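**Q** Pasting coords-v6.cif here (mmCIF, N, CA, C and O atoms):
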data_input
#
loop_
_atom_site.group_PDB
_atom_site.id
_atom_site.type_symbol
_atom_site.label_atom_id
_atom_site.label_comp_id
_atom_site.auth_asym_id
_atom_site.auth_seq_id
_atom_site.Cartn_x
_atom_site.Cartn_y
_atom_site.Cartn_z
ATOM 1 N N MET A 1 -17.234 5.043 -3.003
ATOM 2 C CA MET A 1 -16.451 6.172 -2.536
ATOM 3 C C MET A 1 -14.961 5.848 -2.722
ATOM 4 O O MET A 1 -14.467 4.823 -2.299
ATOM 5 N N SER A 2 -14.265 6.724 -3.357
ATOM 6 C CA SER A 2 -12.836 6.568 -3.615
ATOM 7 C C SER A 2 -12.045 7.073 -2.412
ATOM 8 O O SER A 2 -12.398 8.067 -1.796
ATOM 9 N N ARG A 3 -10.978 6.361 -2.097
ATOM 10 C CA ARG A 3 -10.103 6.775 -0.997
ATOM 11 C C ARG A 3 -8.674 6.791 -1.502
ATOM 12 O O ARG A 3 -8.294 5.943 -2.295
ATOM 13 N N GLU A 4 -7.879 7.732 -1.038
ATOM 14 C CA GLU A 4 -6.476 7.835 -1.431
ATOM 15 C C GLU A 4 -5.588 7.762 -0.197
ATOM 16 O O GLU A 4 -5.925 8.302 0.842
ATOM 17 N N PHE A 5 -4.459 7.072 -0.348
ATOM 18 C CA PHE A 5 -3.473 6.989 0.714
ATOM 19 C C PHE A 5 -2.096 7.250 0.115
ATOM 20 O O PHE A 5 -1.836 6.876 -1.017
ATOM 21 N N ASN A 6 -1.243 7.866 0.882
ATOM 22 C CA ASN A 6 0.160 7.985 0.497
ATOM 23 C C ASN A 6 0.824 6.649 0.762
ATOM 24 O O ASN A 6 0.629 6.052 1.824
ATOM 25 N N VAL A 7 1.589 6.167 -0.204
ATOM 26 C CA VAL A 7 2.307 4.907 -0.071
ATOM 27 C C VAL A 7 3.796 5.204 -0.190
ATOM 28 O O VAL A 7 4.233 5.836 -1.149
ATOM 29 N N ILE A 8 4.562 4.766 0.792
ATOM 30 C CA ILE A 8 6.018 4.937 0.765
ATOM 31 C C ILE A 8 6.622 3.658 0.220
ATOM 32 O O ILE A 8 6.342 2.569 0.723
ATOM 33 N N ILE A 9 7.445 3.795 -0.826
ATOM 34 C CA ILE A 9 8.105 2.641 -1.436
ATOM 35 C C ILE A 9 9.611 2.805 -1.296
ATOM 36 O O ILE A 9 10.165 3.845 -1.648
ATOM 37 N N GLU A 10 10.246 1.759 -0.771
ATOM 38 C CA GLU A 10 11.696 1.743 -0.601
ATOM 39 C C GLU A 10 12.225 0.426 -1.152
ATOM 40 O O GLU A 10 11.467 -0.500 -1.401
ATOM 41 N N ARG A 11 13.523 0.356 -1.333
ATOM 42 C CA ARG A 11 14.170 -0.882 -1.764
ATOM 43 C C ARG A 11 15.138 -1.303 -0.663
ATOM 44 O O ARG A 11 15.969 -0.507 -0.226
ATOM 45 N N ASP A 12 15.032 -2.570 -0.220
ATOM 46 C CA ASP A 12 15.895 -3.011 0.865
ATOM 47 C C ASP A 12 17.234 -3.540 0.334
ATOM 48 O O ASP A 12 17.460 -3.603 -0.876
ATOM 49 N N ALA A 13 18.103 -3.935 1.232
ATOM 50 C CA ALA A 13 19.454 -4.371 0.872
ATOM 51 C C ALA A 13 19.468 -5.630 0.017
ATOM 52 O O ALA A 13 20.426 -5.871 -0.719
ATOM 53 N N ASP A 14 18.408 -6.437 0.094
ATOM 54 C CA ASP A 14 18.323 -7.668 -0.689
ATOM 55 C C ASP A 14 17.664 -7.460 -2.045
ATOM 56 O O ASP A 14 17.473 -8.409 -2.801
ATOM 57 N N GLY A 15 17.279 -6.209 -2.348
ATOM 58 C CA GLY A 15 16.677 -5.911 -3.641
ATOM 59 C C GLY A 15 15.157 -5.962 -3.673
ATOM 60 O O GLY A 15 14.554 -5.731 -4.718
ATOM 61 N N TYR A 16 14.531 -6.265 -2.546
ATOM 62 C CA TYR A 16 13.069 -6.276 -2.490
ATOM 63 C C TYR A 16 12.527 -4.857 -2.402
ATOM 64 O O TYR A 16 13.136 -3.986 -1.779
ATOM 65 N N PHE A 17 11.376 -4.628 -3.029
ATOM 66 C CA PHE A 17 10.652 -3.376 -2.859
ATOM 67 C C PHE A 17 9.751 -3.537 -1.644
ATOM 68 O O PHE A 17 9.109 -4.572 -1.465
ATOM 69 N N VAL A 18 9.714 -2.502 -0.809
ATOM 70 C CA VAL A 18 8.909 -2.529 0.413
ATOM 71 C C VAL A 18 7.982 -1.322 0.378
ATOM 72 O O VAL A 18 8.417 -0.194 0.157
ATOM 73 N N ALA A 19 6.676 -1.571 0.586
ATOM 74 C CA ALA A 19 5.687 -0.492 0.581
ATOM 75 C C ALA A 19 4.999 -0.431 1.931
ATOM 76 O O ALA A 19 4.715 -1.464 2.545
ATOM 77 N N SER A 20 4.727 0.782 2.381
ATOM 78 C CA SER A 20 3.975 0.962 3.617
ATOM 79 C C SER A 20 3.044 2.154 3.464
ATOM 80 O O SER A 20 3.294 3.062 2.675
ATOM 81 N N VAL A 21 1.956 2.120 4.225
ATOM 82 C CA VAL A 21 0.971 3.205 4.239
ATOM 83 C C VAL A 21 1.005 3.791 5.652
ATOM 84 O O VAL A 21 0.467 3.193 6.586
ATOM 85 N N PRO A 22 1.662 4.938 5.826
ATOM 86 C CA PRO A 22 1.843 5.499 7.168
ATOM 87 C C PRO A 22 0.545 5.753 7.932
ATOM 88 O O PRO A 22 0.528 5.649 9.152
ATOM 89 N N THR A 23 -0.535 6.074 7.235
ATOM 90 C CA THR A 23 -1.795 6.386 7.916
ATOM 91 C C THR A 23 -2.588 5.146 8.311
ATOM 92 O O THR A 23 -3.586 5.264 9.009
ATOM 93 N N LEU A 24 -2.143 3.969 7.870
ATOM 94 C CA LEU A 24 -2.815 2.718 8.233
ATOM 95 C C LEU A 24 -1.820 1.857 9.006
ATOM 96 O O LEU A 24 -0.971 1.191 8.411
ATOM 97 N N LYS A 25 -1.902 1.885 10.308
ATOM 98 C CA LYS A 25 -0.964 1.164 11.172
ATOM 99 C C LYS A 25 -0.889 -0.307 10.769
ATOM 100 O O LYS A 25 -1.901 -0.977 10.624
ATOM 101 N N GLY A 26 0.328 -0.781 10.545
ATOM 102 C CA GLY A 26 0.541 -2.181 10.202
ATOM 103 C C GLY A 26 0.306 -2.526 8.744
ATOM 104 O O GLY A 26 0.383 -3.689 8.371
ATOM 105 N N CYS A 27 0.046 -1.537 7.903
ATOM 106 C CA CYS A 27 -0.220 -1.790 6.486
ATOM 107 C C CYS A 27 1.085 -1.671 5.702
ATOM 108 O O CYS A 27 1.562 -0.572 5.419
ATOM 109 N N HIS A 28 1.674 -2.832 5.379
ATOM 110 C CA HIS A 28 2.927 -2.859 4.638
ATOM 111 C C HIS A 28 3.063 -4.211 3.941
ATOM 112 O O HIS A 28 2.399 -5.180 4.297
ATOM 113 N N THR A 29 3.917 -4.256 2.928
ATOM 114 C CA THR A 29 4.173 -5.488 2.197
ATOM 115 C C THR A 29 5.495 -5.365 1.460
ATOM 116 O O THR A 29 6.100 -4.289 1.439
ATOM 117 N N GLN A 30 5.930 -6.461 0.829
ATOM 118 C CA GLN A 30 7.156 -6.434 0.037
ATOM 119 C C GLN A 30 7.008 -7.346 -1.163
ATOM 120 O O GLN A 30 6.175 -8.243 -1.177
ATOM 121 N N ALA A 31 7.842 -7.101 -2.194
ATOM 122 C CA ALA A 31 7.830 -7.922 -3.408
ATOM 123 C C ALA A 31 9.113 -7.681 -4.186
ATOM 124 O O ALA A 31 9.797 -6.675 -3.989
ATOM 125 N N LYS A 32 9.417 -8.590 -5.107
ATOM 126 C CA LYS A 32 10.614 -8.455 -5.955
ATOM 127 C C LYS A 32 10.424 -7.438 -7.069
ATOM 128 O O LYS A 32 11.367 -6.811 -7.510
ATOM 129 N N SER A 33 9.174 -7.272 -7.571
ATOM 130 C CA SER A 33 8.926 -6.330 -8.668
ATOM 131 C C SER A 33 7.924 -5.262 -8.228
ATOM 132 O O SER A 33 7.120 -5.480 -7.313
ATOM 133 N N LEU A 34 7.974 -4.113 -8.894
ATOM 134 C CA LEU A 34 7.032 -3.043 -8.578
ATOM 135 C C LEU A 34 5.600 -3.442 -8.922
ATOM 136 O O LEU A 34 4.668 -3.083 -8.191
ATOM 137 N N ASP A 35 5.407 -4.178 -10.008
ATOM 138 C CA ASP A 35 4.052 -4.617 -10.375
ATOM 139 C C ASP A 35 3.450 -5.477 -9.266
ATOM 140 O O ASP A 35 2.299 -5.277 -8.867
ATOM 141 N N GLU A 36 4.226 -6.434 -8.782
ATOM 142 C CA GLU A 36 3.758 -7.305 -7.703
ATOM 143 C C GLU A 36 3.535 -6.506 -6.419
ATOM 144 O O GLU A 36 2.574 -6.730 -5.690
ATOM 145 N N LEU A 37 4.414 -5.543 -6.155
ATOM 146 C CA LEU A 37 4.282 -4.711 -4.966
ATOM 147 C C LEU A 37 2.980 -3.926 -5.001
ATOM 148 O O LEU A 37 2.266 -3.854 -4.003
ATOM 149 N N MET A 38 2.658 -3.333 -6.149
ATOM 150 C CA MET A 38 1.429 -2.544 -6.267
ATOM 151 C C MET A 38 0.199 -3.419 -6.037
ATOM 152 O O MET A 38 -0.751 -3.006 -5.359
ATOM 153 N N GLU A 39 0.210 -4.623 -6.574
ATOM 154 C CA GLU A 39 -0.904 -5.543 -6.370
ATOM 155 C C GLU A 39 -1.039 -5.886 -4.881
ATOM 156 O O GLU A 39 -2.146 -5.876 -4.326
ATOM 157 N N ARG A 40 0.077 -6.153 -4.257
ATOM 158 C CA ARG A 40 0.055 -6.546 -2.845
ATOM 159 C C ARG A 40 -0.351 -5.409 -1.918
ATOM 160 O O ARG A 40 -1.066 -5.626 -0.939
ATOM 161 N N ILE A 41 0.088 -4.171 -2.195
ATOM 162 C CA ILE A 41 -0.276 -3.068 -1.297
ATOM 163 C C ILE A 41 -1.754 -2.729 -1.454
ATOM 164 O O ILE A 41 -2.426 -2.396 -0.477
ATOM 165 N N ARG A 42 -2.289 -2.854 -2.669
ATOM 166 C CA ARG A 42 -3.738 -2.661 -2.846
ATOM 167 C C ARG A 42 -4.506 -3.687 -2.018
ATOM 168 O O ARG A 42 -5.507 -3.362 -1.375
ATOM 169 N N GLU A 43 -4.036 -4.923 -2.044
ATOM 170 C CA GLU A 43 -4.677 -5.977 -1.259
ATOM 171 C C GLU A 43 -4.564 -5.678 0.238
ATOM 172 O O GLU A 43 -5.530 -5.833 0.987
ATOM 173 N N ALA A 44 -3.388 -5.235 0.680
ATOM 174 C CA ALA A 44 -3.187 -4.917 2.100
ATOM 175 C C ALA A 44 -4.108 -3.783 2.543
ATOM 176 O O ALA A 44 -4.682 -3.830 3.633
ATOM 177 N N ILE A 45 -4.270 -2.771 1.707
ATOM 178 C CA ILE A 45 -5.167 -1.660 2.039
ATOM 179 C C ILE A 45 -6.599 -2.160 2.132
ATOM 180 O O ILE A 45 -7.341 -1.790 3.035
ATOM 181 N N GLY A 46 -6.982 -3.022 1.211
ATOM 182 C CA GLY A 46 -8.346 -3.549 1.203
ATOM 183 C C GLY A 46 -8.662 -4.446 2.379
ATOM 184 O O GLY A 46 -9.825 -4.642 2.714
ATOM 185 N N ARG A 47 -7.642 -4.985 3.033
ATOM 186 C CA ARG A 47 -7.852 -5.892 4.164
ATOM 187 C C ARG A 47 -7.838 -5.201 5.513
ATOM 188 O O ARG A 47 -7.853 -5.878 6.536
ATOM 189 N N ARG A 48 -7.798 -3.898 5.533
ATOM 190 C CA ARG A 48 -7.826 -3.236 6.836
ATOM 191 C C ARG A 48 -9.152 -3.555 7.525
ATOM 192 O O ARG A 48 -10.141 -3.840 6.859
ATOM 193 N N PRO A 49 -9.185 -3.553 8.847
ATOM 194 C CA PRO A 49 -10.390 -3.952 9.575
ATOM 195 C C PRO A 49 -11.615 -3.136 9.191
ATOM 196 O O PRO A 49 -11.513 -1.933 8.946
ATOM 197 N N ARG A 50 -12.744 -3.808 9.095
ATOM 198 C CA ARG A 50 -13.995 -3.089 8.808
ATOM 199 C C ARG A 50 -14.247 -2.068 9.900
ATOM 200 O O ARG A 50 -13.998 -2.320 11.064
ATOM 201 N N GLY A 51 -14.742 -0.927 9.499
ATOM 202 C CA GLY A 51 -14.996 0.134 10.461
ATOM 203 C C GLY A 51 -13.791 1.024 10.694
ATOM 204 O O GLY A 51 -13.917 2.077 11.298
ATOM 205 N N ALA A 52 -12.611 0.602 10.216
ATOM 206 C CA ALA A 52 -11.430 1.451 10.351
ATOM 207 C C ALA A 52 -11.629 2.668 9.464
ATOM 208 O O ALA A 52 -11.975 2.545 8.297
ATOM 209 N N ARG A 53 -11.431 3.805 10.005
ATOM 210 C CA ARG A 53 -11.662 5.026 9.239
ATOM 211 C C ARG A 53 -10.377 5.799 9.065
ATOM 212 O O ARG A 53 -9.531 5.814 9.930
ATOM 213 N N SER A 54 -10.270 6.420 7.933
ATOM 214 C CA SER A 54 -9.126 7.279 7.660
ATOM 215 C C SER A 54 -9.628 8.447 6.831
ATOM 216 O O SER A 54 -10.471 8.269 5.951
ATOM 217 N N PRO A 55 -9.141 9.645 7.065
ATOM 218 C CA PRO A 55 -9.600 10.802 6.303
ATOM 219 C C PRO A 55 -8.946 10.905 4.933
ATOM 220 O O PRO A 55 -9.168 11.855 4.217
ATOM 221 N N PHE A 56 -8.152 9.917 4.545
ATOM 222 C CA PHE A 56 -7.395 9.985 3.314
ATOM 223 C C PHE A 56 -8.042 9.156 2.207
ATOM 224 O O PHE A 56 -8.774 8.224 2.468
ATOM 225 N N VAL A 57 -7.696 9.468 0.979
ATOM 226 C CA VAL A 57 -8.222 8.791 -0.194
ATOM 227 C C VAL A 57 -7.069 8.134 -0.934
ATOM 228 O O VAL A 57 -5.973 8.673 -0.961
ATOM 229 N N TRP A 58 -7.272 6.969 -1.557
ATOM 230 C CA TRP A 58 -6.172 6.312 -2.259
ATOM 231 C C TRP A 58 -6.448 6.137 -3.747
ATOM 232 O O TRP A 58 -7.537 5.838 -4.149
ATOM 233 N N ASN A 59 -5.448 6.421 -4.527
ATOM 234 C CA ASN A 59 -5.466 6.204 -5.964
ATOM 235 C C ASN A 59 -4.040 5.867 -6.350
ATOM 236 O O ASN A 59 -3.242 6.736 -6.635
ATOM 237 N N LEU A 60 -3.719 4.590 -6.369
ATOM 238 C CA LEU A 60 -2.346 4.170 -6.616
ATOM 239 C C LEU A 60 -1.923 4.345 -8.069
ATOM 240 O O LEU A 60 -0.763 4.215 -8.390
ATOM 241 N N ASN A 61 -2.861 4.659 -8.943
ATOM 242 C CA ASN A 61 -2.513 4.902 -10.337
ATOM 243 C C ASN A 61 -1.715 6.192 -10.500
ATOM 244 O O ASN A 61 -1.077 6.408 -11.513
ATOM 245 N N LYS A 62 -1.739 7.053 -9.505
ATOM 246 C CA LYS A 62 -0.998 8.315 -9.567
ATOM 247 C C LYS A 62 0.462 8.130 -9.192
ATOM 248 O O LYS A 62 1.260 9.020 -9.345
ATOM 249 N N ILE A 63 0.811 6.978 -8.655
ATOM 250 C CA ILE A 63 2.188 6.748 -8.203
ATOM 251 C C ILE A 63 3.077 6.433 -9.375
ATOM 252 O O ILE A 63 2.776 5.688 -10.234
#
Kindly return the structure encoded in the file as structure tokens.
**A**
Amino acid sequence: MSREFNVIIERDADGYFVASVPTLKGCHTQAKSLDELMERIREAIGRRPRGARSPFVWNLNKI
């Protein structure tokens, strides 16, 4: 089953990219490059607690 989430990406004052998933409390990460950020946010989404449910679907290839 495919799931999609909205991911907010910002750049901080030190030049790091910061990603967060508003619908998944505590799901955020940072990286120096967008490629690394995308890899890390996918990993962060995949590590959410088992049984955690969200009505949203994620497809980061659309970003």
**Q** Name all residues at most 6 Å from Ile8 (chain A) (count all atoms listed in the file; drop same-chain ones fewer than 5 positions away) and give them as a PyMOL selection string.
**A** chain A and resi 18-22
**Q** Just want the 8 Å neighbourhood of region 38-43 of chain A, counted on only N, CA, C and O atoms, with same-chain residues fewer than 4 positions away dropped. Output as a list in words.
**A** Ala19, Ser20, Val21, Cys27, His28, Thr29, Gln30, Ala31, Ser33, Leu34, Arg47, Arg48 and Leu60 of chain A
**Q** Go ahead and save the picked residues with N, CA, C and O atoms, as a tab-separated table (two decimals), in the coordinates of the input.
**A**
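Result file selection.tsv:
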chain	number	residue	atom	x	y	z
A	19	ALA	N	6.68	-1.57	0.59
A	19	ALA	CA	5.69	-0.49	0.58
A	19	ALA	C	5.00	-0.43	1.93
A	19	ALA	O	4.72	-1.46	2.54
A	20	SER	N	4.73	0.78	2.38
A	20	SER	CA	3.98	0.96	3.62
A	20	SER	C	3.04	2.15	3.46
A	20	SER	O	3.29	3.06	2.68
A	21	VAL	N	1.96	2.12	4.22
A	21	VAL	CA	0.97	3.20	4.24
A	21	VAL	C	1.00	3.79	5.65
A	21	VAL	O	0.47	3.19	6.59
A	27	CYS	N	0.05	-1.54	7.90
A	27	CYS	CA	-0.22	-1.79	6.49
A	27	CYS	C	1.08	-1.67	5.70
A	27	CYS	O	1.56	-0.57	5.42
A	28	HIS	N	1.67	-2.83	5.38
A	28	HIS	CA	2.93	-2.86	4.64
A	28	HIS	C	3.06	-4.21	3.94
A	28	HIS	O	2.40	-5.18	4.30
A	29	THR	N	3.92	-4.26	2.93
A	29	THR	CA	4.17	-5.49	2.20
A	29	THR	C	5.50	-5.36	1.46
A	29	THR	O	6.10	-4.29	1.44
A	30	GLN	N	5.93	-6.46	0.83
A	30	GLN	CA	7.16	-6.43	0.04
A	30	GLN	C	7.01	-7.35	-1.16
A	30	GLN	O	6.18	-8.24	-1.18
A	31	ALA	N	7.84	-7.10	-2.19
A	31	ALA	CA	7.83	-7.92	-3.41
A	31	ALA	C	9.11	-7.68	-4.19
A	31	ALA	O	9.80	-6.68	-3.99
A	33	SER	N	9.17	-7.27	-7.57
A	33	SER	CA	8.93	-6.33	-8.67
A	33	SER	C	7.92	-5.26	-8.23
A	33	SER	O	7.12	-5.48	-7.31
A	34	LEU	N	7.97	-4.11	-8.89
A	34	LEU	CA	7.03	-3.04	-8.58
A	34	LEU	C	5.60	-3.44	-8.92
A	34	LEU	O	4.67	-3.08	-8.19
A	47	ARG	N	-7.64	-4.99	3.03
A	47	ARG	CA	-7.85	-5.89	4.16
A	47	ARG	C	-7.84	-5.20	5.51
A	47	ARG	O	-7.85	-5.88	6.54
A	48	ARG	N	-7.80	-3.90	5.53
A	48	ARG	CA	-7.83	-3.24	6.84
A	48	ARG	C	-9.15	-3.56	7.52
A	48	ARG	O	-10.14	-3.84	6.86
A	60	LEU	N	-3.72	4.59	-6.37
A	60	LEU	CA	-2.35	4.17	-6.62
A	60	LEU	C	-1.92	4.34	-8.07
A	60	LEU	O	-0.76	4.22	-8.39
**Q** Pick from A:Arg11, A:Ala44, A:Asp35, A:Phe5: nearest to Thr23 (chain A), with only N, CA, C and O atoms counted?
**A**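 Of A:Arg11, A:Ala44, A:Asp35, A:Phe5, the one nearest Thr23 (chain A) is A:Phe5, counting only N, CA, C and O atoms.
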**Q** Between atom N of Ile9 (chain A) and atom O of Gly26 (chain A), what is the spacing in Å?
**A**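 Separation between atom O of Gly26 (chain A) and atom N of Ile9 (chain A): 13.8 Å.
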**Q** Using Å and a single decimal, report how far atom C of Glu36 (chain A) sits from CA of Tyr16 (chain A).
**A** 10.3 Å
**Q** Atom C of Gly15 (chain A) and CA of Arg3 (chain A) are how many Å apart?
**A**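 Value for the atom C of Gly15 (chain A)-CA of Arg3 (chain A) distance: 28.4 Å.
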